Every structure is written in C-alpha cells, then in structure tokens.
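Enquirer: Contents of coords_0.tsv (TSV, C-alpha atoms) are below:
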chain	number	residue	atom	x	y	z
N	1	MET	CA	-6.22	2.60	-14.12
N	2	ILE	CA	-2.44	1.99	-13.92
N	3	GLN	CA	-0.16	1.46	-16.88
N	4	LEU	CA	3.54	0.65	-16.65
N	5	ARG	CA	5.52	0.64	-19.86
N	6	GLN	CA	9.11	-0.60	-20.05
N	7	ILE	CA	9.86	0.39	-16.45
N	8	THR	CA	13.50	-0.02	-15.45
N	9	LYS	CA	15.29	0.78	-12.21
N	10	THR	CA	19.03	0.79	-11.78
N	11	TYR	CA	21.03	1.34	-8.59
N	12	PHE	CA	24.73	1.80	-8.08
N	13	VAL	CA	26.09	-0.09	-5.07
N	14	ASP	CA	29.77	0.41	-4.24
N	15	GLY	CA	30.29	1.60	-7.80
N	16	LEU	CA	28.61	-1.45	-9.32
N	17	LYS	CA	25.49	-1.19	-11.46
N	18	VAL	CA	22.57	-3.25	-10.14
N	19	SER	CA	19.43	-3.65	-12.25
N	20	ALA	CA	16.38	-4.01	-9.98
N	21	LEU	CA	13.74	-3.83	-12.75
N	22	ASN	CA	14.22	-4.70	-16.41
N	23	GLY	CA	11.50	-3.46	-18.74
N	24	ILE	CA	8.28	-4.09	-16.76
N	25	ASP	CA	5.04	-3.87	-18.75
N	26	LEU	CA	1.82	-4.10	-16.72
N	27	THR	CA	-1.73	-2.81	-16.79
N	28	ILE	CA	-3.65	-2.87	-13.51
N	29	GLU	CA	-7.40	-2.38	-13.48
N	30	ARG	CA	-9.37	-0.38	-10.94
N	31	GLY	CA	-10.64	-2.49	-8.05
N	32	ALA	CA	-7.89	-5.11	-8.33
N	33	PHE	CA	-6.77	-7.18	-5.34
N	34	MET	CA	-3.33	-8.01	-6.68
N	35	ALA	CA	-0.11	-9.53	-5.36
N	36	LEU	CA	3.43	-8.88	-6.52
N	37	ALA	CA	5.30	-12.06	-5.63
N	38	GLY	CA	8.89	-13.21	-5.84
N	39	THR	CA	11.94	-13.99	-3.78
N	40	SER	CA	13.89	-11.34	-1.90
N	41	GLY	CA	15.65	-9.13	-4.43
N	42	SER	CA	13.23	-9.93	-7.25
N	43	GLY	CA	12.17	-6.27	-7.54
N	44	LYS	CA	8.64	-6.44	-6.14
N	45	SER	CA	9.14	-3.80	-3.41
N	46	THR	CA	10.93	-1.52	-5.88
N	47	LEU	CA	8.03	-1.83	-8.30
N	48	LEU	CA	5.53	-1.10	-5.52
N	49	ASN	CA	7.50	2.02	-4.55
N	50	ILE	CA	7.55	3.25	-8.15
N	51	VAL	CA	3.78	2.82	-8.47
N	52	GLY	CA	3.44	4.70	-5.18
N	53	GLY	CA	5.52	7.66	-6.31
N	54	ILE	CA	8.22	6.95	-3.73
N	55	GLU	CA	11.01	5.84	-6.07
N	56	ARG	CA	11.58	7.31	-9.51
N	57	PRO	CA	12.13	4.81	-12.34
N	58	THR	CA	15.37	5.02	-14.29
N	59	SER	CA	13.41	4.83	-17.54
N	60	GLY	CA	9.95	3.96	-18.80
N	61	ALA	CA	6.48	5.43	-18.32
N	62	LEU	CA	4.00	5.18	-15.45
N	63	MET	CA	0.46	6.44	-15.97
N	64	ILE	CA	-2.17	6.52	-13.23
N	65	GLU	CA	-5.63	7.62	-14.37
N	66	ASP	CA	-4.07	8.86	-17.62
N	67	GLN	CA	-1.61	11.06	-15.70
N	68	MET	CA	2.17	10.75	-15.98
N	69	ILE	CA	2.78	11.21	-12.27
N	70	TRP	CA	6.57	11.27	-12.57
N	71	ASP	CA	6.23	14.43	-14.67
N	72	TYR	CA	4.69	16.22	-11.68
N	73	PRO	CA	6.79	18.72	-9.70
N	74	ALA	CA	7.72	17.50	-6.21
N	75	ASN	CA	4.93	19.34	-4.38
N	76	ARG	CA	2.23	18.09	-6.74
N	77	LEU	CA	3.56	14.54	-6.51
N	78	ALA	CA	3.42	14.77	-2.69
N	79	ASP	CA	-0.19	15.99	-2.90
N	80	PHE	CA	-1.05	13.14	-5.27
N	81	ARG	CA	0.35	10.55	-2.83
N	82	ALA	CA	-1.48	12.13	0.11
N	83	GLN	CA	-4.84	12.39	-1.63
N	84	LYS	CA	-4.94	9.34	-3.91
N	85	LEU	CA	-2.78	6.62	-2.30
N	86	GLY	CA	-2.81	4.73	0.98
N	87	PHE	CA	0.21	2.86	2.31
N	88	ILE	CA	0.47	-0.14	4.66
N	89	PHE	CA	3.89	-1.27	5.92
N	90	GLN	CA	5.02	-4.46	7.63
N	91	THR	CA	6.41	-2.39	10.54
N	92	PHE	CA	3.08	-0.51	10.90
N	93	ASN	CA	4.77	2.95	10.97
N	94	LEU	CA	2.29	4.35	13.49
N	95	LEU	CA	3.10	7.49	15.46
N	96	PRO	CA	3.77	6.18	18.98
N	97	VAL	CA	2.63	9.33	20.82
N	98	LEU	CA	-0.79	9.31	19.14
N	99	THR	CA	-3.80	7.16	19.97
N	100	ALA	CA	-5.35	4.79	17.46
N	101	TYR	CA	-7.97	7.45	16.75
N	102	GLU	CA	-5.34	10.15	16.24
N	103	ASN	CA	-3.20	7.95	13.97
N	104	VAL	CA	-6.17	7.33	11.68
N	105	GLU	CA	-7.18	10.99	11.85
N	106	TYR	CA	-3.68	12.30	11.04
N	107	PRO	CA	-3.87	12.19	7.20
N	108	LEU	CA	-7.25	13.91	7.37
N	109	VAL	CA	-5.73	16.69	9.48
N	110	LEU	CA	-2.92	17.11	6.96
N	111	ASN	CA	-5.50	17.45	4.18
N	112	HIS	CA	-7.52	20.03	6.16
N	113	THR	CA	-10.65	17.89	6.43
N	114	PRO	CA	-13.25	19.65	8.63
N	115	PRO	CA	-13.36	18.35	12.25
N	116	ASP	CA	-16.94	17.01	12.09
N	117	GLU	CA	-16.19	15.10	8.89
N	118	ARG	CA	-12.94	13.78	10.39
N	119	GLN	CA	-14.76	12.44	13.44
N	120	ILE	CA	-17.37	10.58	11.39
N	121	ARG	CA	-14.75	9.13	9.05
N	122	VAL	CA	-12.40	7.95	11.82
N	123	GLN	CA	-15.16	6.39	13.89
N	124	THR	CA	-16.52	4.59	10.83
N	125	LEU	CA	-13.11	3.21	9.88
N	126	LEU	CA	-12.26	2.04	13.39
N	127	LYS	CA	-15.57	0.21	13.49
N	128	GLU	CA	-14.92	-1.36	10.07
N	129	VAL	CA	-11.56	-2.74	11.23
N	130	GLY	CA	-12.94	-3.94	14.57
N	131	LEU	CA	-11.25	-1.38	16.85
N	132	GLU	CA	-14.06	0.92	17.91
N	133	GLY	CA	-13.46	0.10	21.59
N	134	LEU	CA	-9.71	0.80	21.39
N	135	ALA	CA	-9.74	4.29	19.89
N	136	GLN	CA	-7.88	5.86	22.81
N	137	HIS	CA	-5.14	3.23	23.02
N	138	ARG	CA	-1.65	4.10	21.89
N	139	PRO	CA	0.33	1.67	19.68
N	140	SER	CA	2.28	0.35	22.67
N	141	GLN	CA	-1.02	-0.76	24.22
N	142	LEU	CA	-2.09	-2.72	21.13
N	143	SER	CA	-1.14	-6.12	19.77
N	144	GLY	CA	0.62	-6.46	16.41
N	145	GLY	CA	-2.62	-7.35	14.69
N	146	GLN	CA	-4.43	-4.42	16.27
N	147	ARG	CA	-1.65	-2.04	15.20
N	148	GLN	CA	-1.90	-3.32	11.64
N	149	ARG	CA	-5.66	-2.75	11.76
N	150	VAL	CA	-4.97	0.86	12.75
N	151	ALA	CA	-2.54	1.09	9.81
N	152	ILE	CA	-5.21	-0.26	7.44
N	153	ALA	CA	-7.76	2.25	8.72
N	154	ARG	CA	-5.22	5.07	8.35
N	155	ALA	CA	-4.46	3.99	4.77
N	156	LEU	CA	-8.17	4.21	3.95
N	157	ALA	CA	-8.79	7.49	5.78
N	158	PHE	CA	-8.79	9.76	2.75
N	159	LYS	CA	-10.73	7.29	0.58
N	160	PRO	CA	-7.75	6.56	-1.67
N	161	MET	CA	-8.19	5.06	-5.10
N	162	MET	CA	-5.38	2.61	-4.34
N	163	VAL	CA	-3.73	1.03	-1.29
N	164	LEU	CA	-0.15	-0.24	-1.56
N	165	ALA	CA	0.86	-2.80	1.06
N	166	ASP	CA	4.47	-3.94	1.52
N	167	GLU	CA	4.56	-7.33	3.29
N	168	PRO	CA	1.63	-6.37	5.57
N	169	THR	CA	1.40	-9.79	7.26
N	170	ALA	CA	5.14	-10.43	7.70
N	171	ASN	CA	5.26	-9.58	11.43
N	172	LEU	CA	1.97	-11.24	12.37
N	173	ASP	CA	1.11	-14.73	13.58
N	174	HIS	CA	-0.81	-17.05	11.29
N	175	ALA	CA	-4.29	-16.48	12.72
N	176	THR	CA	-3.90	-12.69	12.87
N	177	GLY	CA	-2.48	-12.51	9.36
N	178	THR	CA	-5.31	-14.64	7.98
N	179	ALA	CA	-7.92	-12.45	9.65
N	180	LEU	CA	-6.36	-9.27	8.28
N	181	ILE	CA	-6.21	-10.63	4.74
N	182	ALA	CA	-9.94	-11.42	4.96
N	183	LEU	CA	-10.57	-7.91	6.32
N	184	MET	CA	-8.70	-6.26	3.45
N	185	LYS	CA	-10.47	-8.45	0.90
N	186	ASN	CA	-13.85	-7.46	2.35
N	187	LEU	CA	-12.86	-3.77	2.25
N	188	ASN	CA	-11.76	-4.19	-1.36
N	189	ARG	CA	-15.12	-5.70	-2.31
N	190	ALA	CA	-17.15	-3.16	-0.35
N	191	SER	CA	-15.37	-0.01	-1.51
N	192	GLY	CA	-13.83	-0.98	-4.85
N	193	THR	CA	-10.48	0.34	-3.62
N	194	THR	CA	-7.55	-1.18	-5.49
N	195	PHE	CA	-5.12	-3.16	-3.30
N	196	ILE	CA	-1.61	-4.04	-4.50
N	197	PHE	CA	0.61	-6.16	-2.26
N	198	SER	CA	4.30	-6.91	-2.27
N	199	THR	CA	4.39	-10.26	-0.49
N	200	HIS	CA	5.91	-13.65	0.20
N	201	ASP	CA	2.70	-14.77	1.95
N	202	PRO	CA	0.91	-17.61	0.09
N	203	ARG	CA	-2.33	-16.69	1.87
N	204	ILE	CA	-2.38	-13.28	0.19
N	205	MET	CA	-1.63	-14.94	-3.15
N	206	ASP	CA	-4.52	-17.37	-2.59
N	207	HIS	CA	-6.93	-14.47	-1.98
N	208	ALA	CA	-5.57	-12.29	-4.79
N	209	ASP	CA	-7.49	-11.87	-8.01
N	210	ARG	CA	-4.14	-11.67	-9.79
N	211	VAL	CA	-0.58	-12.70	-8.91
N	212	VAL	CA	2.35	-11.21	-10.83
N	213	THR	CA	5.60	-13.03	-10.10
N	214	LEU	CA	8.92	-11.25	-10.56
N	215	GLU	CA	12.35	-12.80	-10.94
N	216	GLU	CA	15.48	-10.69	-11.25
N	217	GLY	CA	13.42	-7.64	-12.13
N	218	THR	CA	11.39	-9.34	-14.87
N	219	VAL	CA	7.79	-10.60	-14.93
N	220	VAL	CA	7.97	-14.38	-15.23
N	221	ASN	CA	4.33	-15.21	-14.49
N	222	ASP	CA	1.04	-13.30	-14.52
N	223	ARG	CA	-2.09	-15.17	-13.55
Can you present the structure in this file as structure tokens?

Expert:
Amino acid sequence: MIQLRQITKTYFVDGLKVSALNGIDLTIERGAFMALAGTSGSGKSTLLNIVGGIERPTSGALMIEDQMIWDYPANRLADFRAQKLGFIFQTFNLLPVLTAYENVEYPLVLNHTPPDERQIRVQTLLKEVGLEGLAQHRPSQLSGGQRQRVAIARALAFKPMMVLADEPTANLDHATGTALIALMKNLNRASGTTFIFSTHDPRIMDHADRVVTLEEGTVVNDR
C-alpha cells in the first residue's frame, strides 16, 4: 500500500545542514500494525510526518495506493489527509470546548457527512473505545487515558485506510498505556486499518507485527 523510495529530509538549523533521513526504502502492506523505533533524533517522527503528508521530503518518492501524493496540489493533499488518514498525538490535540462526542464528530462535519450517519458512526466509535457513557464530557473532565481514547475514536471517524500515531502512550501511566495498545491492536484486527507508530514504548514494539528501527536517519533493523 505504501512505498518509500530513497526518501531524504534535510533541515537547515542556524545555517547548518542537518540530515534527518538518509535514503529510506520501505514498503508497508495494508493492514500492518507497525512501529518506527529509535532514539530521539533518529528520524522516526520525521518519517511518520512524511508518510502523513505533513512534511515534504527533500528528495525521493512516496507512493500511497499507487499515487504520488507529494505531486498533489495543496488543496488535494489536504483532502487526501482528511479522507484517508487518521492521526493520534501524544498530547491528544482535542478541542477543549467540544465534548467527547463533538470531538469525534468534528472530522465528519468537515467532510459533510449527513447528520444521521454522523450520529451512528460517533456512537459506534465511542462504544468501541469504551466511552459511550462519557459522550458529553469535555476533555478537562476526562483522564489522560480517556482523552486518548477520544483521540483514537476521532482518528477512526472517517474510516481511514491508515492511522499514524506519534508516541501515543508517552503521557499515560503503564496500565492505561497497555490497555490502549490492546485496544488499537483489536481495532486493527477488526477493521484491517493500517496502524503506524513512532514510539519509544517497548510494549508497542512487542505488539507490533513489524518493527523498523532508525538510527541517524537510516534503517538499521527491520523485523
């Protein structure tokens, strides 16, 4: 489903050239539950952002479903992200003025999903992530684990082909993080949605079908 060919990414920091990625070659199959591992600065978050259409590579080719997404104009790329990709962040990134229900519903509103269909989809997702009784709670009324469950439901709202998760368990305690990993694994098996994680968490690596380890912007292990 995803092909990366000789992906490089270079930044300039205070006039100095910094190479974040150095010729990454990867093929990722549909339905994967995959971890990008490595120390801080290894390039895993940069690679995740390139796959997600957030950061443009300096050179190389990225194909998703046989489409060169970085050849898209900006508006088409934005539509592709909204309709095909779900994102989960370690800081949750929920809208604080909206309820759990409204946060999950928000991407469906943006994509003009009919109200009746939105209601069914949101209620189903909140039940799947164990939050059906907390639909009217705002983020400030939820625990960290509950907020991340809302974020997972929101990421799945538009039935994306792929979910990209950047350190999703980093701000959670051990028990909550373990429970959420199991939840995401179950959702992956049930729906066939591809999950790609950028992570330091050995628990995610243990549950992953594949772990790609980066070091200084280069793949050093792929198992």

Enquirer: Between atom CA of N:Pro57 and atom CA of N:Asn111, what is the distance in Å, rounded to a tenth?

Expert: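 Spanning atom CA of N:Pro57 to atom CA of N:Asn111 is a straight-line distance of 27.3 Å.
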
Enquirer: Looking at all atoms listed in the file, which of N:Ser59, N:Leu187, N:Val163, N:Thr91 is the one that sits closest to N:Arg147?

Expert: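 Of the candidates, the smallest distance to N:Arg147 is held by N:Thr91.
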
Enquirer: Could you please determine the separation between atom CA of N:Val18 and atom CA of N:Asn221 in Å, to one decimal place?

Expert: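 These atoms are spaced 22.2 Å apart.
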
Enquirer: Residues within 7 Å of stretch 131-141 of chain N, please, as a list of chain:residue names. Count only C-alpha atoms; anything in the same chain fewer than 5 positions from it doesn't count.

Expert: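 So, after excluding close chain neighbours, the residues are N:Pro96, N:Val97, N:Leu98, N:Thr99, N:Ala100, N:Tyr101, N:Gln123, N:Leu126, N:Arg147.
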
Enquirer: Atom CA of N:Ser45 and atom CA of N:Val211 are how many Å apart?

Expert: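 We find that atom CA of N:Ser45 and atom CA of N:Val211 lie 14.3 Å from each other.
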
Enquirer: From the set N:Met34, N:Met1, N:Ala61, N:Val150, which residue has the shortest atom-to-atom contact distance to N:Asn188, counting only C-alpha atoms?

Expert: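 Comparing N:Met34, N:Met1, N:Ala61, N:Val150 against N:Asn188, the winner is N:Met34.
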
Enquirer: Taking all atoms listed in the file into account, which of N:Arg76, N:Arg121, N:Lys84, N:Arg5 comes nearest N:Leu62?

Expert: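 Of the candidates, the smallest distance to N:Leu62 is held by N:Arg5.
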
Enquirer: Of the candidates N:Leu85, N:Leu4, N:Val109, N:Ile24, which one gets nearest to N:Glu215 if we count all atoms listed in the file?

Expert: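 Among the listed residues, the smallest separation from N:Glu215 belongs to N:Ile24.
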
Enquirer: With distances taken over all atoms listed in the file, which of N:Gly38, N:Gly43, N:Pro160, N:Gly145 is nearest to N:Asp222?

Expert: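 The shortest atom-to-atom distance to N:Asp222 comes from N:Gly38.
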